[in-house]
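The next block is coords11.txt, given as compact mmCIF, C-alpha atoms.
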```txt
# COMPACT_ATOMS: atom_id res chain seq x y z
CA MET A 67 130.88 81.28 97.15
CA ILE A 68 131.89 82.76 100.48
CA SER A 69 133.23 86.10 101.62
CA SER A 70 136.75 84.68 102.07
CA THR A 71 137.22 84.39 98.31
CA LYS A 72 140.83 85.21 97.44
CA ASN A 73 141.70 83.55 94.14
CA VAL A 74 140.26 85.26 91.06
CA ALA A 75 141.05 85.25 87.37
CA PHE A 76 140.55 88.10 84.93
CA ILE A 77 140.31 87.34 81.21
CA GLY A 78 140.79 90.30 78.88
CA LEU A 79 143.05 93.27 79.62
CA GLY A 80 141.65 95.83 77.23
CA VAL A 81 140.84 99.46 77.96
CA MET A 82 138.35 98.38 80.62
CA GLY A 83 139.76 95.08 81.85
CA PHE A 84 143.28 96.30 82.54
CA PRO A 85 142.30 98.73 85.33
CA MET A 86 139.45 96.52 86.58
CA ALA A 87 141.85 93.64 87.18
CA GLY A 88 144.19 96.13 88.81
CA HIS A 89 141.53 97.20 91.30
CA LEU A 90 141.04 93.55 92.29
CA ALA A 91 144.77 93.17 92.89
CA ASN A 92 144.85 96.37 94.93
CA ALA A 93 141.91 95.09 96.98
CA GLY A 94 144.00 92.11 98.08
CA TYR A 95 142.78 89.35 95.77
CA ASN A 96 145.17 86.84 94.24
CA VAL A 97 144.68 87.74 90.59
CA THR A 98 145.70 85.64 87.60
CA VAL A 99 145.29 87.44 84.29
CA TYR A 100 145.08 86.31 80.69
CA ASN A 101 145.16 88.42 77.56
CA ARG A 102 145.31 87.28 73.96
CA THR A 103 148.32 89.55 73.42
CA SER A 104 150.72 88.36 76.11
CA SER A 105 152.65 91.64 76.13
CA LYS A 106 149.57 93.28 77.69
CA SER A 107 149.71 90.78 80.56
CA ALA A 108 153.39 91.57 81.03
CA LEU A 109 152.58 95.28 81.13
CA TRP A 110 149.85 94.64 83.71
CA LEU A 111 152.33 92.76 85.92
CA GLU A 112 154.61 95.80 85.87
CA SER A 113 151.88 97.78 87.62
CA TYR A 114 150.12 95.23 89.80
CA THR A 115 150.85 92.16 91.91
CA GLY A 116 149.58 88.91 90.43
CA LYS A 117 150.27 86.19 87.89
CA SER A 118 149.65 85.71 84.20
CA ALA A 119 148.62 82.54 82.41
CA GLU A 120 149.20 81.29 78.87
CA THR A 121 145.56 80.30 78.32
CA PRO A 122 142.17 81.18 79.84
CA ALA A 123 141.88 77.58 81.06
CA ILE A 124 145.12 77.80 83.01
CA ALA A 125 144.15 81.17 84.47
CA ALA A 126 140.84 79.79 85.73
CA GLN A 127 141.87 76.46 87.19
CA ASP A 128 142.34 77.63 90.80
CA ALA A 129 139.94 80.58 90.75
CA ASP A 130 136.86 80.96 92.92
CA VAL A 131 135.59 83.68 90.58
CA VAL A 132 136.51 84.19 86.94
CA PHE A 133 135.85 87.61 85.37
CA VAL A 134 135.72 88.05 81.60
CA CYS A 135 135.80 91.33 79.68
CA VAL A 136 136.38 90.83 75.95
CA GLY A 137 135.16 92.31 72.68
CA ASN A 138 132.10 90.47 71.41
CA ASP A 139 130.09 87.24 71.37
CA ASP A 140 132.66 85.31 69.36
CA ASP A 141 135.55 86.41 71.61
CA LEU A 142 133.46 85.49 74.63
CA ARG A 143 132.69 82.00 73.34
CA GLN A 144 136.36 81.43 72.55
CA VAL A 145 137.64 82.30 76.03
CA THR A 146 134.85 80.48 77.87
CA SER A 147 133.79 77.38 75.96
CA GLY A 148 136.60 77.18 73.39
CA GLU A 149 139.35 74.58 73.38
CA ASP A 150 141.36 76.50 76.00
CA GLY A 151 138.38 78.24 77.56
CA VAL A 152 137.80 78.78 81.25
CA LEU A 153 134.95 76.26 81.42
CA LYS A 154 137.45 73.49 80.69
CA THR A 155 139.03 73.93 84.12
CA MET A 156 136.68 75.90 86.40
CA LYS A 157 135.87 73.97 89.55
CA SER A 158 132.38 73.11 90.74
CA GLY A 159 131.05 75.93 92.92
CA ALA A 160 133.10 78.62 91.21
CA ILE A 161 131.43 81.62 89.57
CA LEU A 162 131.83 83.08 86.07
CA VAL A 163 131.13 86.82 85.78
CA ASP A 164 130.91 88.21 82.26
CA HIS A 165 131.56 91.94 81.90
CA THR A 166 131.54 91.82 78.09
CA THR A 167 128.87 93.85 76.31
CA ALA A 168 127.36 90.97 74.38
CA SER A 169 124.01 89.56 73.31
CA ALA A 170 121.42 88.26 75.76
CA ASP A 171 121.47 85.02 73.76
CA VAL A 172 125.12 84.29 74.51
CA ALA A 173 124.52 85.09 78.18
CA ARG A 174 121.77 82.48 78.34
CA GLU A 175 123.95 80.05 76.41
CA LEU A 176 126.78 80.44 78.92
CA TYR A 177 124.38 80.11 81.84
CA SER A 178 123.21 76.75 80.51
CA GLN A 179 126.79 75.52 80.14
CA CYS A 180 127.72 76.73 83.62
CA GLU A 181 124.64 75.19 85.21
CA SER A 182 125.52 71.77 83.75
CA GLN A 183 128.93 72.05 85.45
CA GLN A 184 127.58 73.40 88.77
CA ILE A 185 129.22 76.77 88.12
CA GLY A 186 127.47 80.03 88.93
CA PHE A 187 127.01 82.65 86.21
CA ILE A 188 126.24 86.37 86.15
CA ASP A 189 126.03 88.54 83.03
CA ALA A 190 127.35 91.89 84.18
CA PRO A 191 128.06 94.47 81.44
CA VAL A 192 129.43 97.77 82.67
CA SER A 193 128.97 101.46 81.96
CA GLY A 194 131.26 104.35 82.79
CA GLY A 195 133.92 104.11 80.10
CA GLU A 196 137.67 104.07 80.49
CA ALA A 197 137.61 106.80 83.15
CA GLY A 198 135.09 104.85 85.19
CA ALA A 199 137.25 101.74 85.02
CA ILE A 200 140.42 103.61 85.99
CA ASN A 201 138.73 105.41 88.88
CA GLY A 202 136.80 102.35 90.10
CA GLN A 203 133.49 104.11 89.42
CA LEU A 204 131.72 101.75 87.04
CA THR A 205 128.01 101.01 87.00
CA ILE A 206 127.30 97.29 86.62
CA MET A 207 124.03 95.88 85.26
CA CYS A 208 123.55 92.25 86.32
CA GLY A 209 121.42 89.27 85.43
CA GLY A 210 121.35 85.96 87.25
CA ASN A 211 120.60 84.20 90.52
CA SER A 212 120.35 86.39 93.61
CA ASP A 213 122.58 84.14 95.72
CA ILE A 214 125.31 84.17 93.07
CA TYR A 215 125.02 87.92 92.71
CA SER A 216 125.27 88.41 96.47
CA ALA A 217 128.49 86.41 96.46
CA VAL A 218 130.21 88.46 93.75
CA GLU A 219 128.83 91.93 94.48
CA PRO A 220 131.36 92.67 97.26
CA ILE A 221 134.19 91.63 94.93
CA MET A 222 132.96 93.76 92.03
CA ALA A 223 132.79 96.66 94.49
CA ALA A 224 136.56 96.97 93.97
CA TYR A 225 135.82 98.79 90.69
CA ALA A 226 132.11 99.65 90.91
CA ARG A 227 130.32 102.78 92.00
CA PHE A 228 126.99 100.98 91.77
CA SER A 229 125.74 97.55 90.77
CA LYS A 230 122.28 96.01 90.74
CA LEU A 231 120.70 92.66 89.96
CA LEU A 232 117.96 93.33 87.43
CA GLY A 233 116.47 89.90 86.86
CA ALA A 234 117.26 86.54 85.31
CA VAL A 235 120.33 85.83 83.18
CA GLY A 236 120.32 88.12 80.14
CA SER A 237 118.80 91.04 82.07
CA GLY A 238 122.18 92.72 82.44
CA GLN A 239 122.73 92.64 78.70
CA ILE A 240 119.22 93.96 78.01
CA ALA A 241 119.90 96.83 80.43
CA LYS A 242 123.18 97.62 78.68
CA MET A 243 121.34 97.76 75.36
CA MET A 244 118.91 100.26 76.90
CA ASN A 245 121.90 102.24 78.16
CA GLN A 246 123.44 102.45 74.69
CA ILE A 247 120.10 103.34 73.10
CA CYS A 248 119.81 106.29 75.50
CA ILE A 249 123.38 107.43 74.91
CA ALA A 250 123.00 107.35 71.13
CA GLY A 251 119.98 109.66 71.22
CA VAL A 252 121.48 112.05 73.76
CA VAL A 253 124.80 112.43 71.92
CA GLN A 254 123.04 113.09 68.62
CA GLY A 255 120.85 115.73 70.26
CA LEU A 256 123.90 117.37 71.84
CA ALA A 257 125.77 117.35 68.52
CA GLU A 258 122.85 119.00 66.72
CA ALA A 259 122.43 121.62 69.45
CA LEU A 260 126.13 122.55 69.35
CA GLN A 261 126.13 122.81 65.56
CA PHE A 262 122.95 124.90 65.71
CA GLY A 263 124.54 127.27 68.22
CA GLN A 264 127.77 127.58 66.28
CA ASN A 265 125.86 128.40 63.08
CA ALA A 266 123.85 131.02 65.00
CA GLY A 267 127.06 132.64 66.18
CA ILE A 268 126.34 132.26 69.89
CA ASP A 269 128.86 131.40 72.62
CA CYS A 270 128.05 127.69 73.00
CA GLU A 271 130.18 127.32 76.13
CA SER A 272 128.11 129.97 77.90
CA VAL A 273 124.86 128.45 76.69
CA VAL A 274 125.82 125.01 77.96
CA GLU A 275 126.71 126.53 81.33
CA VAL A 276 123.08 127.64 81.55
CA ILE A 277 121.12 124.79 79.98
CA SER A 278 123.15 122.05 81.68
CA LYS A 279 121.58 123.21 84.96
CA GLY A 280 118.07 122.51 83.66
CA ALA A 281 116.10 119.76 81.98
CA ALA A 282 118.53 119.55 79.03
CA GLY A 283 121.42 118.57 81.28
CA SER A 284 123.10 115.18 80.87
CA TRP A 285 126.35 113.38 81.59
CA GLN A 286 127.25 113.75 77.93
CA MET A 287 126.66 117.50 78.00
CA GLU A 288 128.62 117.94 81.21
CA ASN A 289 131.59 115.81 80.18
CA ARG A 290 131.78 116.05 76.40
CA HIS A 291 130.51 119.42 75.17
CA LYS A 292 133.85 121.18 75.72
CA THR A 293 135.92 118.60 73.83
CA MET A 294 133.32 118.43 71.08
CA LEU A 295 133.64 122.18 70.57
CA GLU A 296 137.43 121.73 70.53
CA ASP A 297 137.15 118.98 67.87
CA HIS A 298 138.79 116.47 70.23
CA TYR A 299 137.52 112.90 70.12
CA GLU A 300 140.00 110.70 71.96
CA HIS A 301 138.10 109.50 75.02
CA GLY A 302 138.37 105.73 74.82
CA PHE A 303 134.98 104.29 73.80
CA ALA A 304 135.31 104.03 70.04
CA VAL A 305 132.69 104.40 67.33
CA ASP A 306 133.46 100.84 66.21
CA TRP A 307 132.44 99.55 69.63
CA MET A 308 129.31 101.69 69.74
CA ARG A 309 128.19 100.31 66.38
CA LYS A 310 128.77 96.79 67.71
CA ASP A 311 126.62 97.58 70.74
CA LEU A 312 123.86 99.21 68.68
CA ALA A 313 123.79 96.23 66.31
CA ILE A 314 123.15 93.98 69.31
CA ALA A 315 120.31 96.24 70.45
CA LEU A 316 118.75 96.45 67.00
CA ASP A 317 118.92 92.68 66.63
CA GLU A 318 117.27 92.16 70.02
CA ALA A 319 114.56 94.67 69.05
CA LYS A 320 113.63 92.50 66.06
CA LYS A 321 113.23 89.54 68.40
CA ASN A 322 111.06 91.28 71.00
CA GLY A 323 108.98 93.38 68.62
CA SER A 324 110.41 96.78 69.57
CA THR A 325 110.74 99.68 67.14
CA LEU A 326 113.93 101.70 67.45
CA PRO A 327 113.85 104.30 64.63
CA LEU A 328 116.09 106.84 66.38
CA THR A 329 118.65 104.19 67.32
CA ALA A 330 118.73 102.89 63.74
CA LEU A 331 119.20 106.41 62.41
CA VAL A 332 122.03 107.27 64.81
CA ASP A 333 123.67 103.94 64.01
CA GLN A 334 123.81 105.05 60.38
CA PHE A 335 125.26 108.40 61.45
CA TYR A 336 128.03 106.47 63.20
CA ALA A 337 128.52 104.59 59.92
CA ASP A 338 129.10 107.99 58.31
CA VAL A 339 131.74 108.75 60.95
CA GLN A 340 133.45 105.45 60.14
CA LYS A 341 133.53 106.42 56.45
CA MET A 342 135.29 109.62 57.52
CA GLY A 343 138.00 107.50 59.11
CA GLY A 344 136.65 107.94 62.64
CA ASN A 345 136.50 104.28 63.63
CA ARG A 346 138.56 104.95 66.77
CA TRP A 347 137.10 108.35 67.56
CA ASP A 348 134.87 108.33 70.63
CA THR A 349 131.10 108.42 70.44
CA SER A 350 130.83 112.20 70.79
CA SER A 351 132.27 112.48 67.28
CA LEU A 352 128.73 112.65 65.87
CA LEU A 353 129.34 116.41 65.73
CA LYS A 354 132.19 115.81 63.27
CA ARG A 355 129.80 114.72 60.51
CA LEU A 356 127.74 117.89 60.89
CA VAL A 357 130.49 120.50 60.55
```
When written as structure tokens, how does the structure in this file appear?
Amino acid sequence: MISSTKNVAFIGLGVMGFPMAGHLANAGYNVTVYNRTSSKSALWLESYTGKSAETPAIAAQDADVVFVCVGNDDDLRQVTSGEDGVLKTMKSGAILVDHTTASADVARELYSQCESQQIGFIDAPVSGGEAGAINGQLTIMCGGNSDIYSAVEPIMAAYARFSKLLGAVGSGQIAKMMNQICIAGVVQGLAEALQFGQNAGIDCESVVEVISKGAAGSWQMENRHKTMLEDHYEHGFAVDWMRKDLAIALDEAKKNGSTLPLTALVDQFYADVQKMGGNRWDTSSLLKRLV
């Protein structure tokens, strides 16, 4: 892969993929998009310059780099190695970059398939949510070969605030699991603190103004405490997706001998939120089950 790369494909125009593909188009790349629901591709073409394709395979056939951002392992396998998957048509020397939050196992599986076809592969899950995707401020955790990473890093910079190669294939997914483990614990702690303050009759907004400047401060506190206090939980990253991510982390923990008691507990709290009908509420809705 060389710096003159111009033809890219983007598979998956969900909450994250839609703006990410848009940033590539705005950066001057020739972007071909595919989405399972074709109306989403049509909507994307109303906002950005590019082309759409009827299948992932067609989208990928002329691409130097193919980006994928779909829902889970099964979706990922379907659009990569399925009957109409991108690996059916990707040319030798091209690179597949997977932004899906998936298992480390499927990352290694895809790497093996790509290697047999002389295609580069990077697992590259992202963090930053819908706002990060829209504003081009995502953090990208990568696993793979350093030469392949060096080739795609300047392209991913179209929508990334920061990216880093963390090790061999699968390392990006492991890092994303660590990210979600941290978020789960922080959000639960914030929810408990806000409920505690409300029950004590104190002005929680004023308290957060103080404690956010010290050791208790976090991104979640800074960006979510106000909407949590307002009982507003429509910020994009849904409880259903968080439970999917935590399930991946808990499964990996069984394989590597880790103990994740807090993660398992918060996962069950999110199950409670689902029972309340909060499947599409964002992850800060842990407060909802306490009040």
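Computed from the coordinates, the atom CA of Gly159 of chain A to atom CA of Ser182 of chain A distance equals 11.5 Å.
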Spatial neighbours of Gly78 of chain A, max dist 7 Å, all atoms listed in the file, sep filter under 3 positions, as a PyMOL selection string:
chain A and resi 83+100-101+134-136
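In this structure, atom CA of Ala91 of chain A sits 26.5 Å away from atom CA of Gln184 of chain A.
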Contacts of segment 128-165 of chain A with segment 286-310 of chain A up to 12 Å, shortest pair per row, only C-alpha atoms, as CSV:
```
residue,atom,partner,partner_atom,distance
A:Val136,CA,A:Trp307,CA,11.5
A:Gly137,CA,A:Trp307,CA,8.3
A:Asn138,CA,A:Lys310,CA,8.0
A:Asp139,CA,A:Lys310,CA,10.3
```
Centre and size of axis-aligned box enclosing segment 135-154 of chain A plus 6 Å each side, as lines of an AutoDock Vina configuration file:
```
center_x = 135.7
center_y = 82.9
center_z = 75.4
size_x = 23.3
size_y = 30.8
size_z = 24.1
```
Can you work out which one of A:Val81, A:Val163, A:Ile214, A:Leu204 has the shortest atom-to-atom distance to Ala190 of chain A, counting only C-alpha atoms?
A:Val163
